[in-house]
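Participant: My structure file query.txt, compact mmCIF, N, CA and C atoms and all ligand atoms, is below:
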# COMPACT_ATOMS: atom_id res chain seq x y z
N MET D 199 -8.81 -24.86 -67.86
CA MET D 199 -9.35 -23.51 -68.03
C MET D 199 -10.69 -23.58 -68.74
N GLY D 200 -11.71 -22.98 -68.16
CA GLY D 200 -13.05 -23.04 -68.75
C GLY D 200 -13.17 -22.11 -69.94
N ARG D 201 -14.16 -22.38 -70.73
CA ARG D 201 -14.43 -21.53 -71.88
C ARG D 201 -14.91 -20.17 -71.38
N PRO D 202 -14.27 -19.08 -71.82
CA PRO D 202 -14.72 -17.78 -71.32
C PRO D 202 -16.11 -17.45 -71.85
N HIS D 203 -16.91 -16.82 -70.99
CA HIS D 203 -18.23 -16.39 -71.43
C HIS D 203 -18.10 -15.29 -72.45
N LYS D 204 -18.96 -15.36 -73.45
CA LYS D 204 -18.99 -14.30 -74.46
C LYS D 204 -19.51 -13.03 -73.79
N LYS D 205 -18.85 -11.93 -74.07
CA LYS D 205 -19.29 -10.67 -73.48
C LYS D 205 -20.59 -10.18 -74.10
N ARG D 206 -21.40 -9.53 -73.30
CA ARG D 206 -22.66 -8.97 -73.80
C ARG D 206 -22.45 -7.49 -74.11
N TYR D 207 -23.03 -7.05 -75.20
CA TYR D 207 -22.91 -5.65 -75.58
C TYR D 207 -23.87 -4.80 -74.79
N VAL D 208 -23.37 -3.72 -74.24
CA VAL D 208 -24.18 -2.81 -73.44
C VAL D 208 -24.04 -1.41 -74.03
N ALA D 209 -25.18 -0.81 -74.40
CA ALA D 209 -25.17 0.50 -75.05
C ALA D 209 -25.37 1.63 -74.06
N HIS D 210 -25.92 1.31 -72.90
CA HIS D 210 -26.29 2.36 -71.95
C HIS D 210 -25.59 2.13 -70.63
N ASN D 211 -24.84 3.13 -70.18
CA ASN D 211 -24.21 3.06 -68.87
C ASN D 211 -25.22 3.54 -67.83
N PRO D 212 -25.60 2.69 -66.85
CA PRO D 212 -26.66 3.10 -65.93
C PRO D 212 -26.35 4.36 -65.14
N GLY D 213 -25.09 4.71 -64.97
CA GLY D 213 -24.78 5.97 -64.28
C GLY D 213 -24.92 5.86 -62.77
N VAL D 214 -26.13 5.55 -62.32
CA VAL D 214 -26.35 5.36 -60.89
C VAL D 214 -25.96 3.93 -60.55
N SER D 215 -25.22 3.74 -59.46
CA SER D 215 -24.75 2.40 -59.18
C SER D 215 -25.29 1.82 -57.88
N TYR D 216 -26.10 2.60 -57.18
CA TYR D 216 -26.60 2.10 -55.90
C TYR D 216 -28.00 2.63 -55.62
N PHE D 217 -28.93 1.73 -55.31
CA PHE D 217 -30.26 2.11 -54.87
C PHE D 217 -30.45 1.60 -53.46
N LYS D 218 -31.01 2.46 -52.60
CA LYS D 218 -31.14 2.09 -51.20
C LYS D 218 -32.52 2.48 -50.71
N PRO D 219 -33.20 1.57 -50.04
CA PRO D 219 -34.50 1.95 -49.48
C PRO D 219 -34.32 2.97 -48.36
N ARG D 220 -35.25 3.90 -48.29
CA ARG D 220 -35.17 4.94 -47.28
C ARG D 220 -35.54 4.38 -45.90
N GLY D 221 -34.89 4.89 -44.88
CA GLY D 221 -35.32 4.61 -43.51
C GLY D 221 -34.85 3.29 -42.93
N ILE D 222 -33.94 2.61 -43.60
CA ILE D 222 -33.40 1.38 -43.03
C ILE D 222 -31.95 1.63 -42.63
N PRO D 223 -31.65 1.44 -41.33
CA PRO D 223 -30.26 1.68 -40.91
C PRO D 223 -29.28 0.76 -41.63
N MET D 224 -28.09 1.29 -41.93
CA MET D 224 -27.11 0.53 -42.70
C MET D 224 -26.82 -0.85 -42.11
N VAL D 225 -26.82 -0.93 -40.77
CA VAL D 225 -26.49 -2.23 -40.16
C VAL D 225 -27.55 -3.28 -40.46
N LYS D 226 -28.79 -2.84 -40.74
CA LYS D 226 -29.85 -3.81 -41.01
C LYS D 226 -30.08 -3.99 -42.51
N LEU D 227 -29.38 -3.16 -43.30
CA LEU D 227 -29.65 -3.16 -44.74
C LEU D 227 -29.03 -4.39 -45.41
N MET D 228 -29.86 -5.12 -46.13
CA MET D 228 -29.34 -6.22 -46.93
C MET D 228 -29.17 -5.71 -48.36
N GLU D 229 -28.27 -6.36 -49.04
CA GLU D 229 -27.89 -5.85 -50.36
C GLU D 229 -28.00 -6.96 -51.40
N THR D 230 -28.41 -6.57 -52.59
CA THR D 230 -28.44 -7.52 -53.69
C THR D 230 -27.71 -6.89 -54.86
N ARG D 231 -27.22 -7.68 -55.79
CA ARG D 231 -26.40 -7.13 -56.86
C ARG D 231 -27.02 -7.38 -58.22
N LEU D 232 -27.08 -6.31 -59.00
CA LEU D 232 -27.53 -6.38 -60.38
C LEU D 232 -26.31 -6.07 -61.25
N THR D 233 -26.00 -6.95 -62.18
CA THR D 233 -24.82 -6.68 -63.02
C THR D 233 -25.18 -5.69 -64.12
N ILE D 234 -24.15 -5.10 -64.72
CA ILE D 234 -24.37 -4.09 -65.77
C ILE D 234 -25.13 -4.70 -66.95
N ASP D 235 -24.80 -5.93 -67.31
CA ASP D 235 -25.52 -6.56 -68.44
C ASP D 235 -26.96 -6.89 -68.06
N GLU D 236 -27.22 -7.24 -66.79
CA GLU D 236 -28.61 -7.46 -66.36
C GLU D 236 -29.41 -6.17 -66.39
N CYS D 237 -28.75 -5.07 -65.99
CA CYS D 237 -29.40 -3.76 -66.03
C CYS D 237 -29.74 -3.39 -67.48
N GLU D 238 -28.83 -3.67 -68.39
CA GLU D 238 -29.09 -3.40 -69.82
C GLU D 238 -30.27 -4.24 -70.32
N ALA D 239 -30.36 -5.48 -69.86
CA ALA D 239 -31.47 -6.35 -70.26
C ALA D 239 -32.81 -5.76 -69.80
N LEU D 240 -32.84 -5.25 -68.57
CA LEU D 240 -34.07 -4.60 -68.07
C LEU D 240 -34.41 -3.38 -68.91
N ARG D 241 -33.39 -2.60 -69.26
CA ARG D 241 -33.62 -1.40 -70.06
C ARG D 241 -34.24 -1.78 -71.41
N LEU D 242 -33.64 -2.76 -72.07
CA LEU D 242 -34.11 -3.11 -73.42
C LEU D 242 -35.51 -3.72 -73.39
N ALA D 243 -35.72 -4.71 -72.51
CA ALA D 243 -36.99 -5.45 -72.52
C ALA D 243 -38.11 -4.67 -71.83
N ASP D 244 -37.82 -4.14 -70.65
CA ASP D 244 -38.91 -3.59 -69.82
C ASP D 244 -39.06 -2.08 -69.96
N TYR D 245 -38.00 -1.39 -70.32
CA TYR D 245 -38.11 0.07 -70.48
C TYR D 245 -38.34 0.43 -71.94
N GLU D 246 -37.54 -0.14 -72.85
CA GLU D 246 -37.70 0.17 -74.27
C GLU D 246 -38.77 -0.70 -74.94
N GLY D 247 -39.11 -1.84 -74.32
CA GLY D 247 -40.15 -2.70 -74.87
C GLY D 247 -39.73 -3.61 -76.01
N TYR D 248 -38.43 -3.88 -76.12
CA TYR D 248 -37.94 -4.81 -77.15
C TYR D 248 -38.44 -6.23 -76.86
N SER D 249 -38.64 -7.02 -77.92
CA SER D 249 -38.86 -8.45 -77.75
C SER D 249 -37.54 -9.08 -77.29
N HIS D 250 -37.63 -10.27 -76.71
CA HIS D 250 -36.40 -10.94 -76.28
C HIS D 250 -35.48 -11.19 -77.45
N GLU D 251 -36.05 -11.45 -78.60
CA GLU D 251 -35.23 -11.72 -79.78
C GLU D 251 -34.45 -10.46 -80.19
N ASP D 252 -35.16 -9.33 -80.28
CA ASP D 252 -34.49 -8.07 -80.67
C ASP D 252 -33.50 -7.62 -79.60
N ALA D 253 -33.90 -7.77 -78.34
CA ALA D 253 -33.02 -7.36 -77.25
C ALA D 253 -31.76 -8.23 -77.23
N GLY D 254 -31.94 -9.52 -77.47
CA GLY D 254 -30.79 -10.42 -77.54
C GLY D 254 -29.85 -10.01 -78.66
N GLU D 255 -30.43 -9.61 -79.77
CA GLU D 255 -29.60 -9.16 -80.90
C GLU D 255 -28.82 -7.90 -80.51
N GLU D 256 -29.48 -6.99 -79.81
CA GLU D 256 -28.79 -5.77 -79.36
C GLU D 256 -27.59 -6.09 -78.49
N MET D 257 -27.73 -7.13 -77.67
CA MET D 257 -26.66 -7.46 -76.74
C MET D 257 -25.71 -8.53 -77.27
N GLY D 258 -25.99 -9.02 -78.48
CA GLY D 258 -25.10 -10.01 -79.08
C GLY D 258 -25.23 -11.40 -78.49
N VAL D 259 -26.43 -11.71 -77.95
CA VAL D 259 -26.66 -13.04 -77.38
C VAL D 259 -27.93 -13.64 -77.99
N SER D 260 -28.09 -14.95 -77.84
CA SER D 260 -29.29 -15.60 -78.37
C SER D 260 -30.52 -15.20 -77.55
N ARG D 261 -31.69 -15.47 -78.13
CA ARG D 261 -32.94 -15.19 -77.42
C ARG D 261 -33.00 -15.97 -76.11
N ALA D 262 -32.54 -17.22 -76.14
CA ALA D 262 -32.57 -18.05 -74.93
C ALA D 262 -31.66 -17.47 -73.84
N THR D 263 -30.47 -17.05 -74.25
CA THR D 263 -29.55 -16.45 -73.28
C THR D 263 -30.13 -15.15 -72.73
N PHE D 264 -30.71 -14.33 -73.62
CA PHE D 264 -31.33 -13.10 -73.14
C PHE D 264 -32.42 -13.42 -72.12
N GLY D 265 -33.20 -14.47 -72.40
CA GLY D 265 -34.26 -14.87 -71.48
C GLY D 265 -33.72 -15.19 -70.09
N ARG D 266 -32.56 -15.83 -70.05
CA ARG D 266 -31.96 -16.15 -68.74
C ARG D 266 -31.47 -14.89 -68.04
N ILE D 267 -30.86 -13.97 -68.81
CA ILE D 267 -30.35 -12.74 -68.21
C ILE D 267 -31.51 -11.92 -67.61
N ILE D 268 -32.58 -11.76 -68.40
CA ILE D 268 -33.69 -10.90 -67.94
C ILE D 268 -34.42 -11.54 -66.76
N GLU D 269 -34.50 -12.87 -66.75
CA GLU D 269 -35.16 -13.56 -65.65
C GLU D 269 -34.42 -13.31 -64.33
N LYS D 270 -33.09 -13.41 -64.40
CA LYS D 270 -32.28 -13.18 -63.21
C LYS D 270 -32.37 -11.71 -62.78
N ALA D 271 -32.35 -10.79 -63.76
CA ALA D 271 -32.43 -9.36 -63.46
C ALA D 271 -33.74 -9.03 -62.76
N ARG D 272 -34.86 -9.56 -63.29
CA ARG D 272 -36.17 -9.27 -62.68
C ARG D 272 -36.25 -9.85 -61.28
N LYS D 273 -35.68 -11.05 -61.09
CA LYS D 273 -35.73 -11.67 -59.78
C LYS D 273 -34.95 -10.84 -58.76
N THR D 274 -33.81 -10.31 -59.20
CA THR D 274 -32.99 -9.47 -58.32
C THR D 274 -33.74 -8.21 -57.90
N VAL D 275 -34.36 -7.53 -58.88
CA VAL D 275 -35.09 -6.30 -58.59
C VAL D 275 -36.30 -6.60 -57.70
N ALA D 276 -37.00 -7.68 -58.00
CA ALA D 276 -38.16 -8.06 -57.19
C ALA D 276 -37.74 -8.37 -55.75
N ASP D 277 -36.64 -9.07 -55.61
CA ASP D 277 -36.11 -9.40 -54.28
C ASP D 277 -35.85 -8.12 -53.49
N ALA D 278 -35.27 -7.11 -54.15
CA ALA D 278 -34.98 -5.84 -53.49
C ALA D 278 -36.27 -5.14 -53.07
N LEU D 279 -37.25 -5.10 -53.98
CA LEU D 279 -38.51 -4.40 -53.68
C LEU D 279 -39.29 -5.10 -52.58
N ILE D 280 -39.39 -6.41 -52.67
CA ILE D 280 -40.20 -7.17 -51.73
C ILE D 280 -39.56 -7.21 -50.35
N ASN D 281 -38.25 -7.38 -50.32
CA ASN D 281 -37.57 -7.57 -49.04
C ASN D 281 -36.84 -6.33 -48.55
N GLY D 282 -37.01 -5.20 -49.23
CA GLY D 282 -36.40 -3.95 -48.78
C GLY D 282 -34.89 -3.96 -48.81
N LYS D 283 -34.33 -4.58 -49.85
CA LYS D 283 -32.87 -4.63 -49.95
C LYS D 283 -32.36 -3.51 -50.84
N ALA D 284 -31.10 -3.14 -50.62
CA ALA D 284 -30.43 -2.21 -51.52
C ALA D 284 -29.98 -2.97 -52.77
N ILE D 285 -29.85 -2.25 -53.87
CA ILE D 285 -29.35 -2.86 -55.11
C ILE D 285 -28.03 -2.18 -55.49
N ARG D 286 -26.99 -2.98 -55.58
CA ARG D 286 -25.71 -2.47 -56.06
C ARG D 286 -25.58 -2.88 -57.53
N ILE D 287 -25.37 -1.90 -58.42
CA ILE D 287 -25.24 -2.22 -59.84
C ILE D 287 -23.77 -2.18 -60.21
N GLU D 288 -23.22 -3.33 -60.47
CA GLU D 288 -21.79 -3.38 -60.83
C GLU D 288 -21.44 -4.74 -61.41
N GLY D 289 -20.35 -4.78 -62.13
CA GLY D 289 -19.77 -6.03 -62.60
C GLY D 289 -20.56 -6.68 -63.72
N GLY D 290 -20.31 -7.94 -63.90
CA GLY D 290 -20.95 -8.67 -64.98
C GLY D 290 -20.02 -8.88 -66.15
N ASN D 291 -20.57 -9.45 -67.18
CA ASN D 291 -19.79 -9.85 -68.34
C ASN D 291 -20.26 -9.02 -69.53
N TYR D 292 -19.62 -7.90 -69.75
CA TYR D 292 -20.16 -6.96 -70.73
C TYR D 292 -19.06 -6.12 -71.36
N GLN D 293 -19.39 -5.50 -72.45
CA GLN D 293 -18.53 -4.51 -73.07
C GLN D 293 -19.40 -3.37 -73.58
N PHE D 294 -19.03 -2.15 -73.22
CA PHE D 294 -19.80 -1.02 -73.73
C PHE D 294 -19.56 -0.87 -75.22
N VAL D 295 -20.63 -0.63 -75.95
CA VAL D 295 -20.49 -0.30 -77.36
C VAL D 295 -20.90 1.16 -77.52
N ASP D 296 -20.07 1.91 -78.19
CA ASP D 296 -20.48 3.28 -78.47
C ASP D 296 -20.25 3.55 -79.95
N GLY D 297 -20.71 4.67 -80.39
CA GLY D 297 -20.57 4.98 -81.80
C GLY D 297 -21.63 4.32 -82.65
N GLY D 298 -22.61 3.68 -82.01
CA GLY D 298 -23.75 3.16 -82.76
C GLY D 298 -23.63 1.69 -83.12
N ARG D 299 -24.66 1.25 -83.84
CA ARG D 299 -24.77 -0.14 -84.22
C ARG D 299 -24.66 -0.22 -85.74
N ARG D 300 -24.01 -1.25 -86.20
CA ARG D 300 -23.82 -1.40 -87.63
C ARG D 300 -24.81 -2.44 -88.17
N PHE D 301 -25.46 -2.09 -89.26
CA PHE D 301 -26.37 -3.03 -89.91
C PHE D 301 -25.91 -3.26 -91.34
N ALA D 302 -26.23 -4.43 -91.86
CA ALA D 302 -25.89 -4.73 -93.26
C ALA D 302 -27.12 -5.32 -93.93
N CYS D 303 -27.29 -4.97 -95.20
CA CYS D 303 -28.41 -5.48 -96.00
C CYS D 303 -27.97 -6.75 -96.71
N ALA D 304 -28.78 -7.81 -96.58
CA ALA D 304 -28.43 -9.08 -97.21
C ALA D 304 -28.67 -9.03 -98.73
N CYS D 305 -29.45 -8.07 -99.19
CA CYS D 305 -29.77 -8.01 -100.63
C CYS D 305 -28.69 -7.26 -101.41
N CYS D 306 -28.45 -5.99 -101.03
CA CYS D 306 -27.53 -5.17 -101.84
C CYS D 306 -26.16 -5.01 -101.18
N LYS D 307 -26.01 -5.60 -99.96
CA LYS D 307 -24.73 -5.56 -99.23
C LYS D 307 -24.37 -4.18 -98.68
N HIS D 308 -25.28 -3.23 -98.82
CA HIS D 308 -25.05 -1.92 -98.22
C HIS D 308 -24.94 -2.08 -96.71
N ASP D 309 -24.00 -1.37 -96.08
CA ASP D 309 -24.00 -1.37 -94.62
C ASP D 309 -23.87 0.05 -94.10
N TRP D 310 -24.44 0.26 -92.91
CA TRP D 310 -24.53 1.62 -92.36
C TRP D 310 -24.62 1.56 -90.85
N MET D 311 -24.41 2.72 -90.23
CA MET D 311 -24.48 2.81 -88.78
C MET D 311 -25.80 3.44 -88.34
N ALA D 312 -26.37 2.88 -87.27
CA ALA D 312 -27.54 3.49 -86.64
C ALA D 312 -27.15 3.83 -85.22
N GLU D 313 -27.51 4.99 -84.75
CA GLU D 313 -27.14 5.40 -83.40
C GLU D 313 -27.74 4.46 -82.35
N CYS D 314 -27.03 4.29 -81.24
CA CYS D 314 -27.57 3.52 -80.13
C CYS D 314 -28.81 4.24 -79.60
N GLY D 315 -29.81 3.48 -79.20
CA GLY D 315 -31.01 4.08 -78.64
C GLY D 315 -32.06 4.42 -79.67
N THR D 316 -31.73 4.29 -80.95
CA THR D 316 -32.74 4.51 -81.99
C THR D 316 -33.40 3.18 -82.30
N PRO D 317 -34.62 3.20 -82.85
CA PRO D 317 -35.29 1.93 -83.15
C PRO D 317 -34.50 1.13 -84.19
N ARG D 318 -34.66 -0.19 -84.14
CA ARG D 318 -34.01 -1.03 -85.12
C ARG D 318 -34.55 -0.69 -86.51
N PRO D 319 -33.66 -0.44 -87.49
CA PRO D 319 -34.18 -0.11 -88.83
C PRO D 319 -34.96 -1.29 -89.40
N ASP D 320 -36.04 -1.00 -90.12
CA ASP D 320 -36.81 -2.12 -90.67
C ASP D 320 -36.66 -2.26 -92.18
N ALA D 321 -35.88 -1.38 -92.79
CA ALA D 321 -35.63 -1.53 -94.22
C ALA D 321 -34.27 -0.94 -94.57
N CYS D 322 -33.67 -1.45 -95.62
CA CYS D 322 -32.38 -0.95 -96.09
C CYS D 322 -32.58 0.44 -96.70
N PRO D 323 -31.77 1.43 -96.27
CA PRO D 323 -31.96 2.78 -96.84
C PRO D 323 -31.58 2.85 -98.33
N GLU D 324 -30.85 1.87 -98.83
CA GLU D 324 -30.45 1.88 -100.23
C GLU D 324 -31.49 1.24 -101.13
N CYS D 325 -31.86 -0.01 -100.81
CA CYS D 325 -32.72 -0.76 -101.74
C CYS D 325 -34.13 -1.00 -101.18
N GLY D 326 -34.35 -0.69 -99.88
CA GLY D 326 -35.68 -0.84 -99.32
C GLY D 326 -36.06 -2.25 -98.89
N GLU D 327 -35.16 -3.22 -99.09
CA GLU D 327 -35.45 -4.59 -98.65
C GLU D 327 -35.35 -4.66 -97.12
N ASN D 328 -35.99 -5.68 -96.53
CA ASN D 328 -35.97 -5.76 -95.06
C ASN D 328 -35.18 -6.95 -94.54
N ASP D 329 -34.29 -7.50 -95.35
CA ASP D 329 -33.47 -8.62 -94.91
C ASP D 329 -32.16 -8.07 -94.34
N LEU D 330 -32.22 -7.62 -93.08
CA LEU D 330 -31.09 -6.92 -92.47
C LEU D 330 -30.40 -7.77 -91.44
N GLU D 331 -29.11 -7.53 -91.25
CA GLU D 331 -28.37 -8.22 -90.21
C GLU D 331 -27.63 -7.20 -89.37
N ARG D 332 -27.55 -7.48 -88.09
CA ARG D 332 -26.72 -6.68 -87.20
C ARG D 332 -25.29 -7.14 -87.37
N VAL D 333 -24.37 -6.22 -87.58
CA VAL D 333 -22.95 -6.56 -87.67
C VAL D 333 -22.32 -6.25 -86.33
N MET D 334 -21.79 -7.29 -85.67
CA MET D 334 -21.28 -7.11 -84.32
C MET D 334 -19.87 -6.54 -84.34
N PRO D 335 -19.60 -5.61 -83.41
CA PRO D 335 -18.24 -5.05 -83.34
C PRO D 335 -17.25 -6.10 -82.85
N GLU D 336 -15.99 -5.90 -83.17
CA GLU D 336 -14.95 -6.76 -82.63
C GLU D 336 -14.87 -6.54 -81.13
N LEU D 337 -14.71 -7.61 -80.38
CA LEU D 337 -14.57 -7.45 -78.94
C LEU D 337 -13.17 -7.02 -78.59
N ASP D 338 -13.10 -6.07 -77.69
CA ASP D 338 -11.81 -5.63 -77.19
C ASP D 338 -11.38 -6.57 -76.06
N GLU D 339 -10.37 -7.37 -76.30
CA GLU D 339 -9.98 -8.40 -75.33
C GLU D 339 -9.37 -7.81 -74.08
N ASN D 340 -8.99 -6.56 -74.11
CA ASN D 340 -8.33 -5.95 -72.96
C ASN D 340 -9.30 -5.37 -71.94
N SER D 341 -10.55 -5.26 -72.30
CA SER D 341 -11.47 -4.62 -71.37
C SER D 341 -12.16 -5.64 -70.50
ZN ZN D 401 -30.18 -3.08 -99.49
Before we go any further, please render this structure as structure tokens.
Ligand SMILES: [Zn+2]
Facilitator:
Amino acid sequence: MGRPHKKRYVAHNPGVSYFKPRGIPMVKLMETRLTIDECEALRLADYEGYSHEDAGEEMGVSRATFGRIIEKARKTVADALINGKAIRIEGGNYQFVDGGRRFACACCKHDWMAECGTPRPDACPECGENDLERVMPELDENS
């Protein structure tokens, strides 16, 4: 049994799950797949403008892993645009996080929640220091 992949945290549900180019009959339509975690990577890096390091932290993966996810996501989207393929958004290795993100201050140990979609806090609201850590939620093994 292989080591299970660590799940990536996804804060935004894309909602739309299928993009299709106009004017191509279904029989000729080729399809490519973007996973939910790849879609989240595009949102963080290319839509919100996060650095790979910050985006990786949002998703609970290293900068290098984030780099691989975003590279594959961009290639998939480019393939669809260049070759006129439909994009199906589904699957992947992810867990939705809701209720916000938890941060902890390394100086005074204060911890607090920041809503998803808000900028990463740059200072502790208690002591004003900027040595902050993201506290990752427990993974739900059933999902
Ligand atoms: Zn503090």
Participant: Neighbouring residues of ligand ZN 401 (chain D) are defined here as those with any atom at most 9 Å from a ligand atom, counting only C-alpha atoms and all ligand atoms; list them as a list in words.
Facilitator: Ala302, Cys303, Ala304, Cys305, Cys306, Lys307, His308, Asp309, Ala321, Cys322, Pro323, Glu324, Cys325, Gly326, Glu327, Asn328, Asp329 and Leu330 of chain D
Participant: Atom CA of D:Leu232 and atom CA of D:Asp277, how far apart in Å?
Facilitator: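 Atom CA of D:Leu232 lies 11.0 Å from atom CA of D:Asp277.
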Participant: Restricting the calculation to all atoms listed in the file, which member of D:Lys218, D:Ala209, D:Arg332, D:Lys204 is positioned closest to D:Lys283?
Facilitator: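 Among the listed residues, D:Lys218 lies closest to D:Lys283.
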Participant: Nearest to D:Val208 among D:Gly258, D:Gly221, D:Gly289, D:Gly247, with distances taken over all atoms listed in the file: which residue is it?
Facilitator: D:Gly258
Participant: Could you check the closest approach to D:Tyr292 for each of D:Ala278, D:Pro223, D:Ile267, D:Asp235 and tell me which residue wins, using only N, CA and C atoms?
Facilitator: D:Asp235
